[in-house]
$ cat run.cif   # mmCIF, C-alpha atoms
data_start
loop_
_atom_site.label_atom_id
_atom_site.label_comp_id
_atom_site.auth_asym_id
_atom_site.auth_seq_id
_atom_site.Cartn_x
_atom_site.Cartn_y
_atom_site.Cartn_z
CA MET A 1 0.00 0.00 0.00
CA THR A 2 1.32 3.45 -0.99
CA TRP A 3 -0.14 6.97 -0.72
CA PRO A 4 -1.52 7.00 -4.31
CA ILE A 5 -3.26 3.69 -3.61
CA VAL A 6 -4.68 5.03 -0.36
CA ALA A 7 -6.02 8.02 -2.33
CA LEU A 8 -7.62 5.74 -4.95
CA LEU A 9 -9.22 3.50 -2.34
CA ALA A 10 -10.48 6.53 -0.42
CA ALA A 11 -11.93 8.16 -3.57
CA GLY A 12 -13.92 5.02 -4.38
CA VAL A 13 -15.28 4.70 -0.86
CA TRP A 14 -16.22 8.40 -0.59
CA ALA A 15 -17.91 8.36 -3.99
CA GLN A 16 -20.06 5.36 -3.17
CA ARG A 17 -21.20 6.85 0.13
CA LEU A 18 -22.15 10.18 -1.51
CA VAL A 19 -23.91 8.54 -4.45
CA GLY A 20 -25.87 6.33 -2.06
CA MET A 21 -26.91 9.28 0.05
CA PHE A 22 -27.93 11.66 -2.77
CA ALA A 23 -29.02 9.46 -5.67
CA GLY A 24 -30.69 7.06 -3.25
CA ALA A 25 -32.67 9.83 -1.58
CA ARG A 26 -33.79 11.21 -4.94
CA ALA A 27 -34.95 7.80 -6.14
CA LEU A 28 -36.95 7.42 -2.94
CA GLU A 29 -38.73 10.73 -3.51
CA ARG A 30 -39.97 9.47 -6.83
CA GLN A 31 -40.70 5.94 -5.62
CA PRO A 32 -41.78 6.01 -1.95
CA ALA A 33 -42.32 2.23 -1.96
CA LEU A 34 -38.53 1.92 -2.01
CA GLY A 35 -38.55 3.21 1.58
CA ARG A 36 -39.45 -0.18 2.99
CA LEU A 37 -36.69 -1.79 0.93
CA ALA A 38 -34.20 0.77 2.27
CA ALA A 39 -35.29 -0.09 5.82
CA LEU A 40 -34.61 -3.80 5.20
CA ILE A 41 -31.18 -3.31 3.62
CA PRO A 42 -29.21 -3.05 6.91
CA ALA A 43 -30.63 -6.33 8.22
CA ALA A 44 -29.57 -8.18 5.04
CA VAL A 45 -26.22 -6.48 4.44
CA VAL A 46 -25.07 -6.37 8.07
CA MET A 47 -25.92 -10.07 8.48
CA ALA A 48 -23.78 -10.81 5.40
CA VAL A 49 -20.91 -8.88 6.99
CA ILE A 50 -21.39 -10.91 10.19
CA VAL A 51 -21.28 -14.16 8.18
CA GLN A 52 -18.11 -13.01 6.44
CA LEU A 53 -16.42 -12.04 9.71
CA THR A 54 -17.45 -15.30 11.38
CA PHE A 55 -16.68 -17.87 8.70
CA VAL A 56 -13.97 -16.41 6.44
CA ALA A 57 -10.24 -16.50 7.06
CA GLY A 58 -7.65 -15.77 4.39
CA GLY A 59 -10.18 -15.76 1.56
CA SER A 60 -11.85 -19.11 2.24
CA ILE A 61 -14.33 -20.56 4.70
CA ARG A 62 -12.86 -21.64 8.00
CA ILE A 63 -14.91 -22.77 10.96
CA ASP A 64 -13.06 -21.96 14.17
CA ALA A 65 -13.43 -20.50 17.65
CA ARG A 66 -15.18 -17.42 16.29
CA LEU A 67 -18.30 -19.52 15.71
CA VAL A 68 -18.46 -20.40 19.41
CA GLY A 69 -18.28 -16.71 20.26
CA MET A 70 -21.06 -15.92 17.80
CA VAL A 71 -23.34 -18.66 19.14
CA VAL A 72 -22.89 -17.18 22.62
CA ALA A 73 -23.60 -13.70 21.20
CA GLY A 74 -26.70 -14.99 19.42
CA VAL A 75 -28.18 -16.50 22.57
CA LEU A 76 -27.46 -13.34 24.56
CA VAL A 77 -28.98 -11.06 21.92
CA TRP A 78 -32.03 -13.33 21.87
CA ARG A 79 -32.31 -12.98 25.67
CA ARG A 80 -32.00 -9.18 25.33
CA ALA A 81 -28.72 -8.99 27.25
CA PRO A 82 -27.03 -5.55 27.39
CA PHE A 83 -24.72 -4.66 24.51
CA VAL A 84 -21.53 -4.75 26.58
CA VAL A 85 -22.40 -8.22 27.94
CA VAL A 86 -22.91 -9.58 24.41
CA VAL A 87 -19.61 -8.19 23.14
CA VAL A 88 -17.46 -9.19 26.11
CA ALA A 89 -19.00 -12.68 26.35
CA ALA A 90 -18.41 -13.32 22.64
CA ALA A 91 -14.74 -12.31 22.83
CA THR A 92 -14.21 -14.29 26.04
CA ALA A 93 -15.88 -17.43 24.66
CA THR A 94 -13.75 -17.20 21.52
CA ALA A 95 -10.52 -16.71 23.48
CA LEU A 96 -11.34 -19.58 25.87
CA THR A 97 -12.16 -21.91 22.96
CA ARG A 98 -8.73 -21.16 21.48
CA LEU A 99 -7.10 -22.14 24.78
CA LEU A 100 -8.68 -25.61 24.66
CA MET B 101 -30.77 -5.18 24.54
CA ASP B 102 -32.05 -1.64 24.32
CA PHE B 103 -29.97 -0.28 21.49
CA SER B 104 -32.80 1.33 19.61
CA GLY B 105 -34.12 3.11 22.69
CA PRO B 106 -37.77 3.32 23.69
CA SER B 107 -38.69 4.87 20.37
CA GLY B 108 -37.25 2.04 18.30
CA GLY B 109 -38.63 -1.23 17.02
CA ARG B 110 -41.47 -0.29 14.70
CA GLY B 111 -42.77 -3.83 14.96
CA GLY B 112 -42.87 -3.60 18.76
CA ASP B 113 -45.44 -5.09 21.07
CA HIS B 114 -47.30 -1.93 21.94
CA THR B 115 -48.21 1.27 20.18
CA VAL B 116 -47.31 4.65 21.65
CA SER B 117 -49.51 7.62 20.98
CA MET B 118 -47.54 10.28 19.16
CA ASP B 119 -48.96 13.45 20.68
CA ASP B 120 -48.81 13.07 24.46
CA ALA B 121 -45.86 10.73 24.86
CA PRO B 122 -43.97 11.31 28.13
CA PRO B 123 -40.41 12.74 27.93
CA ARG B 124 -38.26 9.89 26.71
CA ARG B 125 -34.60 9.09 26.29
CA ILE B 126 -33.70 8.99 22.62
CA GLY B 127 -31.58 6.18 21.25
CA PRO B 128 -28.91 4.08 22.98
CA SER B 129 -27.85 4.69 26.59
CA ARG B 130 -24.46 6.06 27.61
CA ALA B 131 -23.37 2.58 28.67
CA ASP B 132 -24.27 1.18 25.23
CA LEU B 133 -22.39 4.00 23.50
CA ALA B 134 -19.34 3.44 25.72
CA ALA B 135 -19.40 -0.27 24.90
CA LEU B 136 -19.65 0.54 21.20
CA GLY B 137 -16.72 2.95 21.52
CA LEU B 138 -14.67 0.23 23.21
CA THR B 139 -15.61 -2.25 20.48
CA PHE B 140 -14.37 0.17 17.81
CA PHE B 141 -11.25 0.84 19.86
CA ALA B 142 -10.51 -2.90 19.81
CA LEU B 143 -11.33 -3.02 16.10
CA GLY B 144 -9.02 -0.07 15.41
CA VAL B 145 -6.17 -1.73 17.30
CA THR B 146 -6.70 -5.14 15.67
CA VAL B 147 -6.97 -3.88 12.10
CA ASN B 148 -4.09 -1.45 12.31
CA VAL B 149 -1.69 -3.91 13.93
CA LEU B 150 -2.40 -6.02 10.87
CA VAL B 151 -2.06 -3.16 8.35
CA LEU B 152 1.17 -1.92 9.93
CA ASP B 153 2.57 -5.43 9.67
CA ARG B 154 2.04 -5.37 5.87
CA VAL B 155 2.71 -1.70 5.16
CA GLY B 156 5.62 -1.14 7.51
CA ASP B 157 5.08 2.63 7.77
CA VAL B 158 3.32 4.19 10.78
CA GLY B 159 2.30 7.42 9.00
CA LEU B 160 0.85 5.56 6.03
CA THR B 161 -1.01 3.14 8.31
CA ILE B 162 -2.68 6.01 10.21
CA GLY B 163 -3.32 8.00 7.01
CA ALA B 164 -4.93 5.04 5.29
CA ALA B 165 -7.20 4.35 8.27
CA LEU B 166 -8.40 7.94 8.55
CA LEU B 167 -8.68 8.75 4.82
CA ILE B 168 -10.21 5.53 3.54
CA ASN B 169 -12.52 5.40 6.57
CA SER B 170 -13.37 1.75 5.92
CA ALA B 171 -11.50 -1.04 7.67
CA THR B 172 -13.06 -3.65 5.40
CA THR B 173 -11.70 -1.85 2.32
CA GLU B 174 -8.18 -1.94 3.74
CA LEU B 175 -8.50 -5.60 4.70
CA ALA B 176 -9.92 -6.58 1.31
CA TYR B 177 -7.13 -4.74 -0.52
CA LEU B 178 -4.48 -6.49 1.58
CA ALA B 179 -6.18 -9.87 1.28
CA VAL B 180 -6.11 -9.73 -2.52
CA ARG B 181 -2.48 -8.55 -2.54
CA ASP B 182 -1.55 -11.35 -0.12
CA ALA B 183 -3.22 -13.88 -2.40
CA GLY B 184 -1.03 -12.65 -5.28
CA GLY B 185 -3.66 -10.45 -6.97
CA THR B 186 -2.74 -7.39 -9.06
CA GLN B 187 -3.00 -3.80 -7.79
CA VAL B 188 -6.07 -3.25 -9.98
CA ALA B 189 -7.84 -6.35 -8.66
CA ALA B 190 -6.99 -5.40 -5.08
CA ILE B 191 -8.29 -1.84 -5.48
CA ILE B 192 -11.51 -3.06 -7.07
CA ALA B 193 -12.00 -5.55 -4.25
CA GLY B 194 -11.52 -2.69 -1.77
CA TRP B 195 -14.16 -0.62 -3.56
CA VAL B 196 -16.60 -3.50 -3.87
CA VAL B 197 -16.60 -4.37 -0.18
CA ALA B 198 -17.28 -0.69 0.58
CA SER B 199 -20.43 -0.79 -1.57
CA ARG B 200 -22.37 -1.75 1.52
CA PHE B 201 -21.69 1.74 2.86
CA GLY B 202 -23.33 3.16 -0.25
CA LEU B 203 -26.36 0.96 0.41
CA LEU B 204 -26.43 1.97 4.07
CA ALA B 205 -26.24 5.62 2.95
CA VAL B 206 -29.34 5.02 0.80
CA SER B 207 -31.08 3.61 3.85
CA LEU B 208 -30.06 6.55 6.04
CA GLY B 209 -30.83 9.10 3.31
CA ALA B 210 -34.39 7.84 3.16
CA ARG B 211 -34.94 8.83 6.80
CA LEU B 212 -32.95 12.10 7.00
CA GLU B 213 -34.58 15.47 6.54
CA VAL B 214 -31.60 17.85 6.55
CA GLY B 215 -29.71 20.25 4.24
CA ARG B 216 -27.23 19.26 1.55
CA LEU B 217 -24.05 19.74 3.56
CA HIS B 218 -25.41 17.88 6.56
CA ARG B 219 -26.53 15.14 4.18
CA ALA B 220 -23.08 14.89 2.57
CA ALA B 221 -21.39 14.72 5.98
CA ALA B 222 -23.78 12.01 7.15
CA GLY B 223 -23.30 10.08 3.91
CA LEU B 224 -19.51 10.06 4.31
CA GLN B 225 -19.90 8.69 7.84
CA SER B 226 -22.36 5.90 6.98
CA PHE B 227 -21.27 2.75 8.81
CA ASP B 228 -23.10 -0.37 9.88
CA PRO B 229 -23.81 0.47 13.55
CA ASN B 230 -24.76 4.13 13.29
CA VAL B 231 -27.12 3.65 10.32
CA ALA B 232 -28.68 0.49 11.74
CA VAL B 233 -29.40 2.22 15.06
CA ALA B 234 -30.45 5.57 13.55
CA ILE B 235 -33.07 4.17 11.17
CA GLN B 236 -34.77 2.43 14.09
CA GLN B 237 -35.73 5.84 15.50
CA ARG B 238 -39.18 7.19 14.80
CA THR B 239 -38.86 10.82 13.73
CA PRO B 240 -36.37 12.29 11.22
CA ARG B 241 -35.06 14.56 13.98
CA ASP B 242 -34.31 11.58 16.23
CA VAL B 243 -32.73 9.75 13.30
CA ALA B 244 -30.24 12.59 12.78
CA ARG B 245 -29.56 13.09 16.48
CA VAL B 246 -29.02 9.40 17.26
CA PHE B 247 -26.94 8.97 14.09
CA TRP B 248 -24.41 11.62 15.18
CA ARG B 249 -24.30 10.42 18.79
CA VAL B 250 -23.49 6.88 17.71
CA THR B 251 -21.04 8.19 15.10
CA ALA B 252 -19.18 10.21 17.75
CA ALA B 253 -18.90 7.22 20.09
CA MET B 254 -17.74 5.01 17.23
CA HIS B 255 -15.09 7.42 15.97
CA ALA B 256 -13.75 8.23 19.44
CA GLY B 257 -13.03 4.51 19.82
CA TRP B 258 -11.88 3.94 16.24
CA ILE B 259 -9.42 6.85 16.07
CA SER B 260 -7.80 6.07 19.43
CA GLY B 261 -7.67 2.41 18.38
CA VAL B 262 -5.97 3.37 15.10
CA LEU B 263 -3.32 5.36 16.95
CA VAL B 264 -2.66 2.64 19.52
CA GLY B 265 -2.60 -0.10 16.85
CA ALA B 266 -0.27 1.83 14.51
CA LEU B 267 2.08 3.15 17.20
CA LEU B 268 2.25 0.10 19.46
CA GLY B 269 1.56 -2.57 16.84
CA ASN B 270 4.77 -4.47 17.37
CA VAL B 271 4.28 -4.57 21.13
CA ILE B 272 0.73 -5.94 21.01
CA GLY B 273 1.33 -8.90 18.77
CA ASP B 274 -1.34 -11.50 18.10
CA SER B 275 -4.72 -9.96 18.90
CA GLN B 276 -6.60 -13.16 18.02
CA ARG B 277 -5.42 -14.61 21.31
CA PHE B 278 -7.90 -12.35 23.13
CA GLY B 279 -10.83 -13.26 20.89
CA LEU B 280 -10.86 -9.71 19.53
CA ASP B 281 -11.79 -10.95 16.06
CA ALA B 282 -15.18 -12.04 17.46
CA LEU B 283 -15.80 -8.60 18.94
CA PHE B 284 -16.98 -6.83 15.80
CA PRO B 285 -19.37 -9.49 14.45
CA ALA B 286 -20.88 -9.86 17.94
CA ALA B 287 -21.35 -6.09 18.18
CA LEU B 288 -23.06 -6.03 14.78
CA LEU B 289 -25.37 -8.87 15.79
CA ALA B 290 -26.41 -7.00 18.94
CA ILE B 291 -27.03 -3.87 16.88
CA ILE B 292 -29.40 -5.53 14.42
CA GLY B 293 -31.04 -7.56 17.23
CA ASN B 294 -34.19 -5.47 17.13
CA LEU B 295 -34.48 -5.75 13.35
CA LEU B 296 -34.25 -9.54 13.71
CA ARG B 297 -37.28 -9.58 16.00
CA GLN B 298 -39.48 -8.45 13.12
CA ARG B 299 -40.47 -11.12 10.63
CA SER B 300 -39.37 -9.05 7.64
CA GLY B 301 -36.02 -8.15 9.21
CA ALA B 302 -35.36 -11.77 10.19
CA THR B 303 -36.17 -12.90 6.65
CA ALA B 304 -33.89 -10.27 5.11
CA ALA B 305 -31.04 -11.33 7.41
CA ALA B 306 -31.56 -15.08 6.95
CA VAL B 307 -31.70 -14.88 3.15
CA GLY B 308 -28.92 -12.27 2.89
CA GLY B 309 -26.63 -14.10 5.32
CA GLY B 310 -27.34 -17.52 3.82
CA LEU B 311 -26.71 -16.33 0.27
CA CYS B 312 -23.46 -14.71 1.37
CA LEU B 313 -22.29 -17.96 2.97
CA VAL B 314 -23.09 -19.98 -0.15
CA LEU B 315 -21.31 -17.49 -2.43
CA ILE B 316 -18.13 -17.01 -0.38
CA PRO B 317 -16.31 -20.09 -1.76
CA ILE B 318 -17.24 -19.41 -5.39
CA ALA B 319 -17.56 -15.64 -5.90
CA PRO B 320 -14.82 -12.96 -5.91
CA ALA B 321 -14.28 -11.00 -2.66
CA GLY B 322 -16.99 -8.45 -2.04
CA VAL B 323 -19.62 -9.99 -4.31
CA PRO B 324 -21.25 -12.12 -1.56
CA ILE B 325 -21.90 -8.95 0.47
CA ILE B 326 -23.59 -7.17 -2.43
CA ALA B 327 -25.61 -10.28 -3.29
CA SER B 328 -27.07 -10.22 0.23
CA LEU B 329 -29.26 -7.35 -1.02
CA VAL B 330 -31.49 -10.07 -2.45
CA GLY B 331 -32.46 -10.79 1.17
CA ALA B 332 -33.96 -7.31 1.52
CA VAL B 333 -35.90 -7.75 -1.74
CA VAL B 334 -37.27 -11.15 -0.70
CA ALA B 335 -38.27 -9.78 2.71
CA LEU B 336 -40.41 -7.11 1.03
CA ARG B 337 -43.02 -9.84 0.58
CA ILE B 338 -43.16 -10.57 4.32
CA PRO B 339 -45.71 -8.41 6.13
CA ASP B 340 -44.96 -7.11 9.61
CA ARG B 341 -47.59 -7.24 12.30
CA ILE B 342 -47.69 -3.49 12.75
CA GLU B 343 -47.17 -1.04 9.91
CA SER B 344 -47.36 2.24 11.78
CA ARG B 345 -45.83 4.47 9.13
CA ALA B 346 -48.60 4.73 6.60
CA THR B 347 -47.44 6.53 3.47
#

$ encode --input "run.cif" --output "structure tokens"
Amino acid sequence: MTWPIVALLAAGVWAQRLVGMFAGARALERQPALGRLAALIPAAVVMAVIVQLTFVAGGSIRIDARLVGMVVAGVLVWRRAPFVVVVVAAATATALTRLL
Amino acid sequence: MDFSGPSGGRGGDHTVSMDDAPPRRIGPSRADLAALGLTFFALGVTVNVLVLDRVGDVGLTIGAALLINSATTELAYLAVRDAGGTQVAAIIAGWVVASRFGLLAVSLGARLEVGRLHRAAAGLQSFDPNVAVAIQQRTPRDVARVFWRVTAAMHAGWISGVLVGALLGNVIGDSQRFGLDALFPAALLAIIGNLLRQRSGATAAAVGGGLCLVLIPIAPAGVPIIASLVGAVVALRIPDRIESRAT
């Protein structure tokens, strides 16, 4: 990674965020039904990011201690545990599994 | 889990009358924000220890983190380079994984009622947690207020994490030992917890997450995340029990 590459990466990220914000908002004005779709996007996309962070290592699927942490997190979220409890328990469960 | 605050969860169990609602706390509590800040601190440390290891230059590591403003973009770029990919392929992978921020910006933009500059600033700061929490608020004013509160907490943690990771990277060593790599996905799961309680949100997440998992072994980096959009489209067909916002 060099400065010109950092600039290129940054330009692409900034552009996508601005296009999403402005073009997306304009499309919604014309087509209000898209509002419900926009409200569902985070659930779908964030879950995909969670899947990626849980199952992928070095470009391929790897099932490891992270999954244990995420199962713990899932149960706690289901039981409406406080945010900090979910996060700390997930990291602790993952670290303990690695010790085994 | 109270991350959306009392005003959140449009599919909630009870309806609140709009006009004479008692004074209420808006959005996540201080404790939740502090925990989110700590999560992003840990994320900042973890990611930048890794970036510094590959880049070898402290200034460039910090500059990349603050300018690109997307840890996944940095990680995707490095992953493709590590796998022997060309510069062009690595840059495209970095852009593609950031496309989710564009989608999240669409989602946030739909609920914001602010001027152009404010809109641009919010767009550039669209991340998973702040958008997911903000859009669960009821009024456009609350959406904007909660968005910036969560953003501030996130960035306070992220920027200090970047500095610690880049400056002390060699001292810290292997962050996986502490289970820090499970921190971010767990935080994200807690954040979308309320969305998952609604049938449509749960459907969107199940289809989006499942599709992503199936595509990871066969599709190029970044594509599985974009494909998860299909989950949101499928979930459009699932009615929620309460549709309070009639438009």

$ resolve_selection --input "run.cif" --expression "the PyMOL selection byres ((chain B and resi 337) around 12)" --output "ChimeraX atom specification"
/A:36-37,40 /B:299-301,303-304,330-336,338-340

$ resolve_selection --input "run.cif" --expression "the PyMOL selection byres ((chain B and resi 195) around 7)" --output "PyMOL selection string"
(chain A and resi 9+12-13) or (chain B and resi 173+191-194+196-199)

$ resolve_selection --input "run.cif" --expression "the PyMOL selection byres ((chain A) within 7 of (chain B))" --output "ChimeraX atom specification"
/A:1,3,6,9-10,12-14,16-21,24-25,28,35,37-51,53-54,58,60-61,66,69-70,73,77,80-84,86-87,90-92,94-95

$ residues_around --input "run.cif" --residues "B:Leu263" --least-positions-apart "3" --cutoff "8 Å" --atoms "only C-alpha atoms" --output "list in words"
Val145, Ile162, Ile259, Ser260, Ala266 and Leu267 of chain B

$ atom_distance --input "run.cif" --atom1 "atom CA of A:Gln52" --atom2 "atom CA of B:Ala142"
18.4 Å

$ atom_distance --input "run.cif" --atom1 "atom CA of B:Arg249" --atom2 "atom CA of B:Val262"
20.0 Å

$ closest_residue --input "run.cif" --among "A:Leu8, A:Thr2, A:Ala33, A:Ala89" --to "A:Val68" --atoms "only C-alpha atoms"
A:Ala89

$ atom_distance --input "run.cif" --atom1 "atom CA of A:Trp78" --atom2 "atom CA of B:Trp258"
27.1 Å

$ closest_residue --input "run.cif" --among "B:Val323, B:Thr186, B:Gly127, B:Asn230" --to "B:Ala252" --atoms "only C-alpha atoms"
B:Asn230
